[in-house]
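Q: Sending over target.cif (mmCIF, N, CA and C atoms).
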```cif
data_structure
loop_
_atom_site.label_atom_id
_atom_site.label_comp_id
_atom_site.auth_asym_id
_atom_site.auth_seq_id
_atom_site.Cartn_x
_atom_site.Cartn_y
_atom_site.Cartn_z
N MET A 107 -3.70 17.56 -1.60
CA MET A 107 -4.05 16.18 -1.88
C MET A 107 -2.78 15.32 -1.83
N THR A 108 -2.97 14.08 -1.43
CA THR A 108 -1.90 13.10 -1.42
C THR A 108 -2.50 11.76 -1.83
N PHE A 109 -1.68 10.79 -2.02
CA PHE A 109 -2.15 9.44 -2.34
C PHE A 109 -1.84 8.53 -1.17
N VAL A 110 -2.64 7.48 -1.02
CA VAL A 110 -2.44 6.50 0.05
C VAL A 110 -2.63 5.10 -0.52
N VAL A 111 -2.06 4.13 0.18
CA VAL A 111 -2.21 2.73 -0.19
C VAL A 111 -3.31 2.14 0.69
N ASN A 112 -4.20 1.35 0.08
CA ASN A 112 -5.28 0.73 0.85
C ASN A 112 -5.04 -0.77 0.98
N GLU A 113 -6.02 -1.48 1.52
CA GLU A 113 -5.86 -2.90 1.81
C GLU A 113 -5.68 -3.79 0.60
N ASN A 114 -5.94 -3.29 -0.59
CA ASN A 114 -5.73 -4.12 -1.78
C ASN A 114 -4.26 -4.53 -1.94
N CYS A 115 -3.37 -3.80 -1.32
CA CYS A 115 -1.94 -4.12 -1.39
C CYS A 115 -1.56 -5.29 -0.48
N ILE A 116 -2.35 -5.50 0.57
CA ILE A 116 -2.03 -6.53 1.55
C ILE A 116 -1.93 -7.90 0.88
N LYS A 117 -0.84 -8.60 1.17
CA LYS A 117 -0.55 -9.95 0.66
C LYS A 117 -0.25 -9.99 -0.84
N CYS A 118 -0.19 -8.83 -1.49
CA CYS A 118 0.20 -8.77 -2.90
C CYS A 118 1.57 -8.09 -3.00
N LYS A 119 1.61 -6.85 -2.56
CA LYS A 119 2.82 -6.04 -2.54
C LYS A 119 3.50 -5.96 -3.91
N TYR A 120 2.68 -5.58 -4.90
CA TYR A 120 3.27 -5.27 -6.20
C TYR A 120 4.05 -3.97 -6.03
N THR A 121 5.17 -3.85 -6.68
CA THR A 121 6.00 -2.66 -6.49
C THR A 121 6.17 -1.84 -7.77
N ASP A 122 5.27 -2.00 -8.71
CA ASP A 122 5.32 -1.22 -9.94
C ASP A 122 5.26 0.28 -9.64
N CYS A 123 4.52 0.63 -8.60
CA CYS A 123 4.35 2.02 -8.19
C CYS A 123 5.67 2.65 -7.74
N VAL A 124 6.47 1.87 -7.06
CA VAL A 124 7.75 2.34 -6.53
C VAL A 124 8.67 2.79 -7.66
N GLU A 125 8.64 2.03 -8.71
CA GLU A 125 9.53 2.28 -9.85
C GLU A 125 9.28 3.64 -10.51
N VAL A 126 8.04 4.13 -10.47
CA VAL A 126 7.72 5.39 -11.15
C VAL A 126 7.68 6.60 -10.23
N CYS A 127 7.75 6.38 -8.92
CA CYS A 127 7.65 7.49 -7.95
C CYS A 127 8.89 8.39 -8.03
N PRO A 128 8.68 9.68 -8.32
CA PRO A 128 9.84 10.58 -8.45
C PRO A 128 10.41 11.06 -7.12
N VAL A 129 9.69 10.82 -6.00
CA VAL A 129 10.18 11.34 -4.72
C VAL A 129 10.43 10.26 -3.67
N GLU A 130 10.33 9.01 -4.04
CA GLU A 130 10.65 7.89 -3.15
C GLU A 130 9.88 7.97 -1.83
N CYS A 131 8.55 8.03 -1.93
CA CYS A 131 7.72 8.15 -0.72
C CYS A 131 7.02 6.85 -0.35
N PHE A 132 7.45 5.73 -0.92
CA PHE A 132 6.88 4.42 -0.57
C PHE A 132 7.74 3.74 0.49
N TYR A 133 7.07 3.07 1.41
CA TYR A 133 7.72 2.36 2.51
C TYR A 133 7.21 0.93 2.51
N GLU A 134 8.11 0.00 2.83
CA GLU A 134 7.80 -1.42 2.69
C GLU A 134 7.68 -2.13 4.02
N GLY A 135 6.51 -2.78 4.21
CA GLY A 135 6.31 -3.66 5.34
C GLY A 135 6.34 -5.10 4.88
N GLU A 136 6.10 -6.02 5.76
CA GLU A 136 6.14 -7.44 5.43
C GLU A 136 5.09 -7.83 4.40
N ASN A 137 3.88 -7.27 4.53
CA ASN A 137 2.76 -7.68 3.67
C ASN A 137 2.24 -6.62 2.74
N MET A 138 2.71 -5.39 2.84
CA MET A 138 2.18 -4.32 2.01
C MET A 138 3.14 -3.14 1.96
N LEU A 139 2.82 -2.19 1.11
CA LEU A 139 3.53 -0.92 1.03
C LEU A 139 2.62 0.17 1.57
N VAL A 140 3.22 1.30 1.96
CA VAL A 140 2.46 2.49 2.31
C VAL A 140 3.15 3.69 1.68
N ILE A 141 2.41 4.78 1.59
CA ILE A 141 2.94 6.06 1.10
C ILE A 141 3.02 7.01 2.29
N LYS A 142 4.12 7.71 2.40
CA LYS A 142 4.23 8.74 3.45
C LYS A 142 3.57 10.00 2.90
N PRO A 143 2.39 10.33 3.44
CA PRO A 143 1.63 11.46 2.88
C PRO A 143 2.39 12.78 2.83
N ASP A 144 3.24 13.04 3.82
CA ASP A 144 3.99 14.30 3.84
C ASP A 144 5.05 14.38 2.75
N GLU A 145 5.43 13.25 2.19
CA GLU A 145 6.45 13.24 1.14
C GLU A 145 5.85 13.16 -0.26
N CYS A 146 4.63 12.69 -0.36
CA CYS A 146 3.96 12.55 -1.66
C CYS A 146 3.73 13.93 -2.27
N ILE A 147 4.07 14.08 -3.54
CA ILE A 147 3.90 15.37 -4.22
C ILE A 147 2.64 15.40 -5.09
N ASP A 148 1.81 14.40 -4.94
CA ASP A 148 0.52 14.37 -5.62
C ASP A 148 0.60 14.32 -7.14
N CYS A 149 1.66 13.73 -7.65
CA CYS A 149 1.81 13.68 -9.10
C CYS A 149 0.88 12.64 -9.73
N GLY A 150 0.55 11.60 -8.97
CA GLY A 150 -0.40 10.60 -9.45
C GLY A 150 0.14 9.55 -10.39
N VAL A 151 1.43 9.53 -10.65
CA VAL A 151 1.96 8.56 -11.60
C VAL A 151 1.90 7.13 -11.06
N CYS A 152 1.85 6.98 -9.75
CA CYS A 152 1.82 5.64 -9.15
C CYS A 152 0.47 4.96 -9.29
N GLU A 153 -0.59 5.72 -9.22
CA GLU A 153 -1.95 5.14 -9.18
C GLU A 153 -2.24 4.20 -10.35
N PRO A 154 -2.02 4.60 -11.59
CA PRO A 154 -2.34 3.69 -12.71
C PRO A 154 -1.38 2.50 -12.83
N GLU A 155 -0.23 2.56 -12.17
CA GLU A 155 0.75 1.48 -12.26
C GLU A 155 0.42 0.29 -11.37
N CYS A 156 -0.45 0.47 -10.39
CA CYS A 156 -0.73 -0.59 -9.43
C CYS A 156 -1.70 -1.62 -9.99
N PRO A 157 -1.26 -2.87 -10.17
CA PRO A 157 -2.14 -3.91 -10.72
C PRO A 157 -3.24 -4.34 -9.74
N ALA A 158 -3.12 -3.96 -8.47
CA ALA A 158 -4.12 -4.34 -7.47
C ALA A 158 -5.09 -3.19 -7.17
N ASP A 159 -4.96 -2.09 -7.87
CA ASP A 159 -5.79 -0.90 -7.60
C ASP A 159 -5.75 -0.53 -6.12
N ALA A 160 -4.56 -0.50 -5.56
CA ALA A 160 -4.39 -0.26 -4.13
C ALA A 160 -4.02 1.18 -3.79
N ILE A 161 -3.97 2.06 -4.77
CA ILE A 161 -3.57 3.44 -4.50
C ILE A 161 -4.75 4.36 -4.79
N LEU A 162 -5.05 5.21 -3.81
CA LEU A 162 -6.18 6.13 -3.92
C LEU A 162 -5.75 7.55 -3.60
N PRO A 163 -6.38 8.54 -4.24
CA PRO A 163 -6.14 9.92 -3.81
C PRO A 163 -6.85 10.13 -2.47
N ASP A 164 -6.34 11.00 -1.63
CA ASP A 164 -6.97 11.19 -0.33
C ASP A 164 -8.34 11.85 -0.43
N THR A 165 -8.72 12.28 -1.61
CA THR A 165 -10.06 12.84 -1.81
C THR A 165 -11.11 11.75 -1.99
N ASP A 166 -10.70 10.53 -2.21
CA ASP A 166 -11.62 9.40 -2.34
C ASP A 166 -12.21 9.10 -0.95
N PRO A 167 -13.52 8.92 -0.85
CA PRO A 167 -14.14 8.63 0.46
C PRO A 167 -13.55 7.41 1.16
N GLU A 168 -13.08 6.44 0.41
CA GLU A 168 -12.49 5.23 1.00
C GLU A 168 -11.09 5.47 1.56
N ALA A 169 -10.47 6.57 1.17
CA ALA A 169 -9.08 6.83 1.56
C ALA A 169 -8.93 7.31 2.99
N GLU A 170 -9.97 7.89 3.55
CA GLU A 170 -9.86 8.52 4.87
C GLU A 170 -9.26 7.60 5.93
N LYS A 171 -9.76 6.36 6.00
CA LYS A 171 -9.26 5.45 7.03
C LYS A 171 -7.84 4.97 6.77
N TRP A 172 -7.35 5.13 5.55
CA TRP A 172 -6.01 4.66 5.20
C TRP A 172 -4.93 5.71 5.40
N ILE A 173 -5.32 6.97 5.55
CA ILE A 173 -4.34 8.04 5.74
C ILE A 173 -3.55 7.80 7.03
N ALA A 174 -4.25 7.50 8.12
CA ALA A 174 -3.57 7.28 9.41
C ALA A 174 -2.66 6.06 9.34
N LEU A 175 -3.12 4.98 8.71
CA LEU A 175 -2.31 3.77 8.60
C LEU A 175 -1.05 4.05 7.79
N ASN A 176 -1.20 4.73 6.66
CA ASN A 176 -0.03 5.06 5.84
C ASN A 176 0.95 5.94 6.59
N THR A 177 0.44 6.94 7.30
CA THR A 177 1.29 7.84 8.06
C THR A 177 2.05 7.09 9.15
N LYS A 178 1.33 6.26 9.89
CA LYS A 178 1.94 5.51 10.99
C LYS A 178 3.06 4.59 10.51
N TYR A 179 2.77 3.76 9.52
CA TYR A 179 3.75 2.76 9.11
C TYR A 179 4.89 3.33 8.27
N ALA A 180 4.67 4.46 7.61
CA ALA A 180 5.77 5.10 6.88
C ALA A 180 6.86 5.58 7.84
N GLU A 181 6.48 5.82 9.09
CA GLU A 181 7.46 6.22 10.11
C GLU A 181 8.24 5.02 10.65
N LEU A 182 7.68 3.82 10.50
CA LEU A 182 8.28 2.62 11.08
C LEU A 182 9.02 1.74 10.07
N TRP A 183 8.56 1.74 8.84
CA TRP A 183 9.11 0.84 7.83
C TRP A 183 10.18 1.54 6.99
N PRO A 184 11.06 0.75 6.36
CA PRO A 184 12.11 1.34 5.51
C PRO A 184 11.56 1.79 4.15
N VAL A 185 12.19 2.80 3.61
CA VAL A 185 11.83 3.28 2.28
C VAL A 185 12.17 2.20 1.26
N ILE A 186 11.37 2.11 0.22
CA ILE A 186 11.65 1.19 -0.89
C ILE A 186 11.76 2.04 -2.16
N THR A 187 12.83 1.83 -2.91
CA THR A 187 13.09 2.68 -4.07
C THR A 187 13.22 1.91 -5.38
N GLU A 188 13.23 0.58 -5.29
CA GLU A 188 13.36 -0.23 -6.50
C GLU A 188 12.28 -1.29 -6.56
N LYS A 189 11.88 -1.62 -7.76
CA LYS A 189 10.87 -2.65 -7.96
C LYS A 189 11.41 -4.02 -7.53
N LYS A 190 10.54 -4.79 -6.88
CA LYS A 190 10.86 -6.15 -6.46
C LYS A 190 9.76 -7.07 -6.97
N ASP A 191 9.98 -8.36 -6.85
CA ASP A 191 8.92 -9.31 -7.20
C ASP A 191 7.80 -9.19 -6.18
N PRO A 192 6.54 -9.41 -6.63
CA PRO A 192 5.43 -9.40 -5.67
C PRO A 192 5.54 -10.60 -4.74
N LEU A 193 4.71 -10.62 -3.71
CA LEU A 193 4.69 -11.76 -2.80
C LEU A 193 4.29 -13.03 -3.56
N PRO A 194 4.74 -14.19 -3.12
CA PRO A 194 4.49 -15.44 -3.85
C PRO A 194 3.01 -15.74 -4.13
N ASP A 195 2.13 -15.38 -3.21
CA ASP A 195 0.70 -15.64 -3.39
C ASP A 195 -0.07 -14.41 -3.89
N ALA A 196 0.61 -13.47 -4.49
CA ALA A 196 -0.02 -12.21 -4.90
C ALA A 196 -1.22 -12.43 -5.81
N GLU A 197 -1.09 -13.29 -6.79
CA GLU A 197 -2.21 -13.52 -7.71
C GLU A 197 -3.43 -14.08 -6.97
N LYS A 198 -3.19 -14.96 -6.02
CA LYS A 198 -4.27 -15.55 -5.23
C LYS A 198 -4.98 -14.48 -4.39
N TRP A 199 -4.22 -13.56 -3.81
CA TRP A 199 -4.78 -12.54 -2.92
C TRP A 199 -5.32 -11.32 -3.66
N ASN A 200 -4.87 -11.10 -4.89
CA ASN A 200 -5.35 -9.94 -5.63
C ASN A 200 -6.86 -10.04 -5.80
N GLU A 201 -7.54 -8.97 -5.54
CA GLU A 201 -9.00 -8.86 -5.64
C GLU A 201 -9.76 -9.52 -4.50
N VAL A 202 -9.08 -10.06 -3.47
CA VAL A 202 -9.77 -10.56 -2.29
C VAL A 202 -10.22 -9.34 -1.49
N GLU A 203 -11.47 -9.32 -1.09
CA GLU A 203 -11.99 -8.19 -0.32
C GLU A 203 -11.86 -8.45 1.18
N GLY A 204 -11.80 -7.38 1.95
CA GLY A 204 -11.73 -7.49 3.39
C GLY A 204 -10.44 -8.08 3.92
N LYS A 205 -9.34 -7.81 3.26
CA LYS A 205 -8.06 -8.40 3.66
C LYS A 205 -7.65 -7.99 5.08
N LEU A 206 -7.85 -6.75 5.44
CA LEU A 206 -7.44 -6.28 6.75
C LEU A 206 -8.20 -7.02 7.85
N GLU A 207 -9.49 -7.18 7.68
CA GLU A 207 -10.29 -7.91 8.66
C GLU A 207 -9.91 -9.39 8.67
N HIS A 208 -9.66 -9.95 7.49
CA HIS A 208 -9.26 -11.36 7.38
C HIS A 208 -7.97 -11.62 8.16
N LEU A 209 -7.01 -10.73 8.01
CA LEU A 209 -5.74 -10.89 8.70
C LEU A 209 -5.90 -10.68 10.21
N SER A 210 -6.78 -9.77 10.60
CA SER A 210 -7.03 -9.54 12.02
C SER A 210 -7.65 -10.77 12.67
N GLU A 211 -8.57 -11.42 11.95
CA GLU A 211 -9.20 -12.65 12.46
C GLU A 211 -8.15 -13.76 12.63
N LYS A 212 -7.27 -13.90 11.64
CA LYS A 212 -6.23 -14.93 11.70
C LYS A 212 -5.30 -14.68 12.89
N ALA A 213 -4.97 -13.43 13.15
CA ALA A 213 -4.11 -13.09 14.28
C ALA A 213 -4.80 -13.43 15.60
N SER A 214 -6.10 -13.18 15.69
CA SER A 214 -6.86 -13.50 16.90
C SER A 214 -6.92 -15.01 17.13
N GLU A 215 -7.08 -15.76 16.06
CA GLU A 215 -7.15 -17.23 16.16
C GLU A 215 -5.82 -17.82 16.62
N ALA A 216 -4.72 -17.19 16.20
CA ALA A 216 -3.39 -17.70 16.55
C ALA A 216 -3.01 -17.37 18.00
N ALA A 217 -3.65 -16.37 18.57
CA ALA A 217 -3.31 -15.94 19.94
C ALA A 217 -3.82 -16.89 20.99
#
```
Output the file's structure as structure tokens, nothing else.

A:
Amino acid sequence: MTFVVNENCIKCKYTDCVEVCPVECFYEGENMLVIKPDECIDCGVCEPECPADAILPDTDPEAEKWIALNTKYAELWPVITEKKDPLPDAEKWNEVEGKLEHLSEKASEAA
């Protein structure tokens, strides 16, 4: 088992989880964090720390589609090891559903 970050992190990027991770398996992108599944030791200390409920065990049915995304971007983004301030609009975006689709639509409109 491993843990993964889902779309609840998008546009929030709370980093409370990073602060408690004993193996530094979080990676930071512009709008969200991801967990590198091969580095996660399944301790679970990060999950309750996330104010956006964005961390799931890979045994959760919703986690399946996020495993590939976490794996892909953990290879591209830099590791994050210290807590930072959340994104400026984090409170506004917290609990918004369908963030990934919303951002995809915005990208299509801008093209």

Q: Which one is closest to Glu130 of chain A: A:Leu175, A:Cys146, A:Cys118, A:Ala158? Count all atoms listed in the file.

A: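 Closest to Glu130 of chain A, using all atoms listed in the file: A:Cys146.
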
Q: Could you tell me, as number ranges by chain, exactly which residues end up selected when the PyMOL selection byres (((chain A and resi 200-205 and name CA) around 8) and name CA) is applied to this structure?

A: A: 113-118, 158, 196-199, 206-209

Q: Chain A: which residues are alpha helix (DSSP H) by DSSP, as a ChimeraX atom specification?

A: /A:122-126,170-182,196-199,205-216

Q: Tell me, in Å to one decimal, how far atom CA of Asn112 of chain A is from atom CA of Ala160 of chain A.

A: 5.2 Å

Q: Residues near Ile161 of chain A, anyone? I mean within 9 Å using only C-alpha atoms, not counting same-chain ones fewer than 4 positions away, as a ChimeraX atom specification.

A: /A:109-112,114-115,123,141,152-154,156,169

Q: Of the candidates A:Leu162, A:Val185, A:Ala180, A:Ile173, which shows the shortest atom-to-atom distance to Thr108 of chain A, using only N, CA and C atoms?

A: A:Leu162

Q: Would you kindly return, as a list of chain:residue names, each protein, DNA or RNA residue with an atom no farther than 7 Å from any atom of Phe132 of chain A, considering all atoms listed in the file and excluding same-chain residues fewer than 5 positions away?

A: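 Everything that qualifies: A:Val124, A:Leu139, A:Val140, A:Ile141, A:Lys142, A:Ala180, A:Pro184, A:Val185, A:Ile186, A:Thr187.
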
Q: So what do you get for atom CA of Asp144 of chain A versus atom CA of Glu168 of chain A, distance-wise?

A: 19.0 Å

Q: Write out as lines of an AutoDock Vina configuration file an axis-aligned box for segment 135-144 of chain A: all of its atoms listed in the file, 5 Å added on each side, centre and edge lengths in Å with one decimal.

A:
```
center_x = 4.1
center_y = 3.3
center_z = 3.4
size_x = 14.9
size_y = 32.2
size_z = 14.7
```

Q: I need the residues in chain A that are strand (DSSP E) according to DSSP; give them as JSON, numbers by chain.

A: {"A": [109, 110, 111, 132, 133, 134, 139, 140, 141, 161, 162, 163]}

Q: Please compute the atom C of Ile147 of chain A-atom C of Met107 of chain A distance, one decimal, in Å.

A: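 These two atoms are separated by 6.3 Å.
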
Q: I'd like to know which of A:Tyr120, A:Tyr133, A:Pro167, A:Glu125 is closest to Glu188 of chain A, using all atoms listed in the file.

A: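 Closest candidate: A:Glu125.
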
Q: Which of these residues is nearest to Thr177 of chain A, using only N, CA and C atoms: A:Gly135, A:Pro163, A:Pro128, A:Pro143?

A: A:Pro143
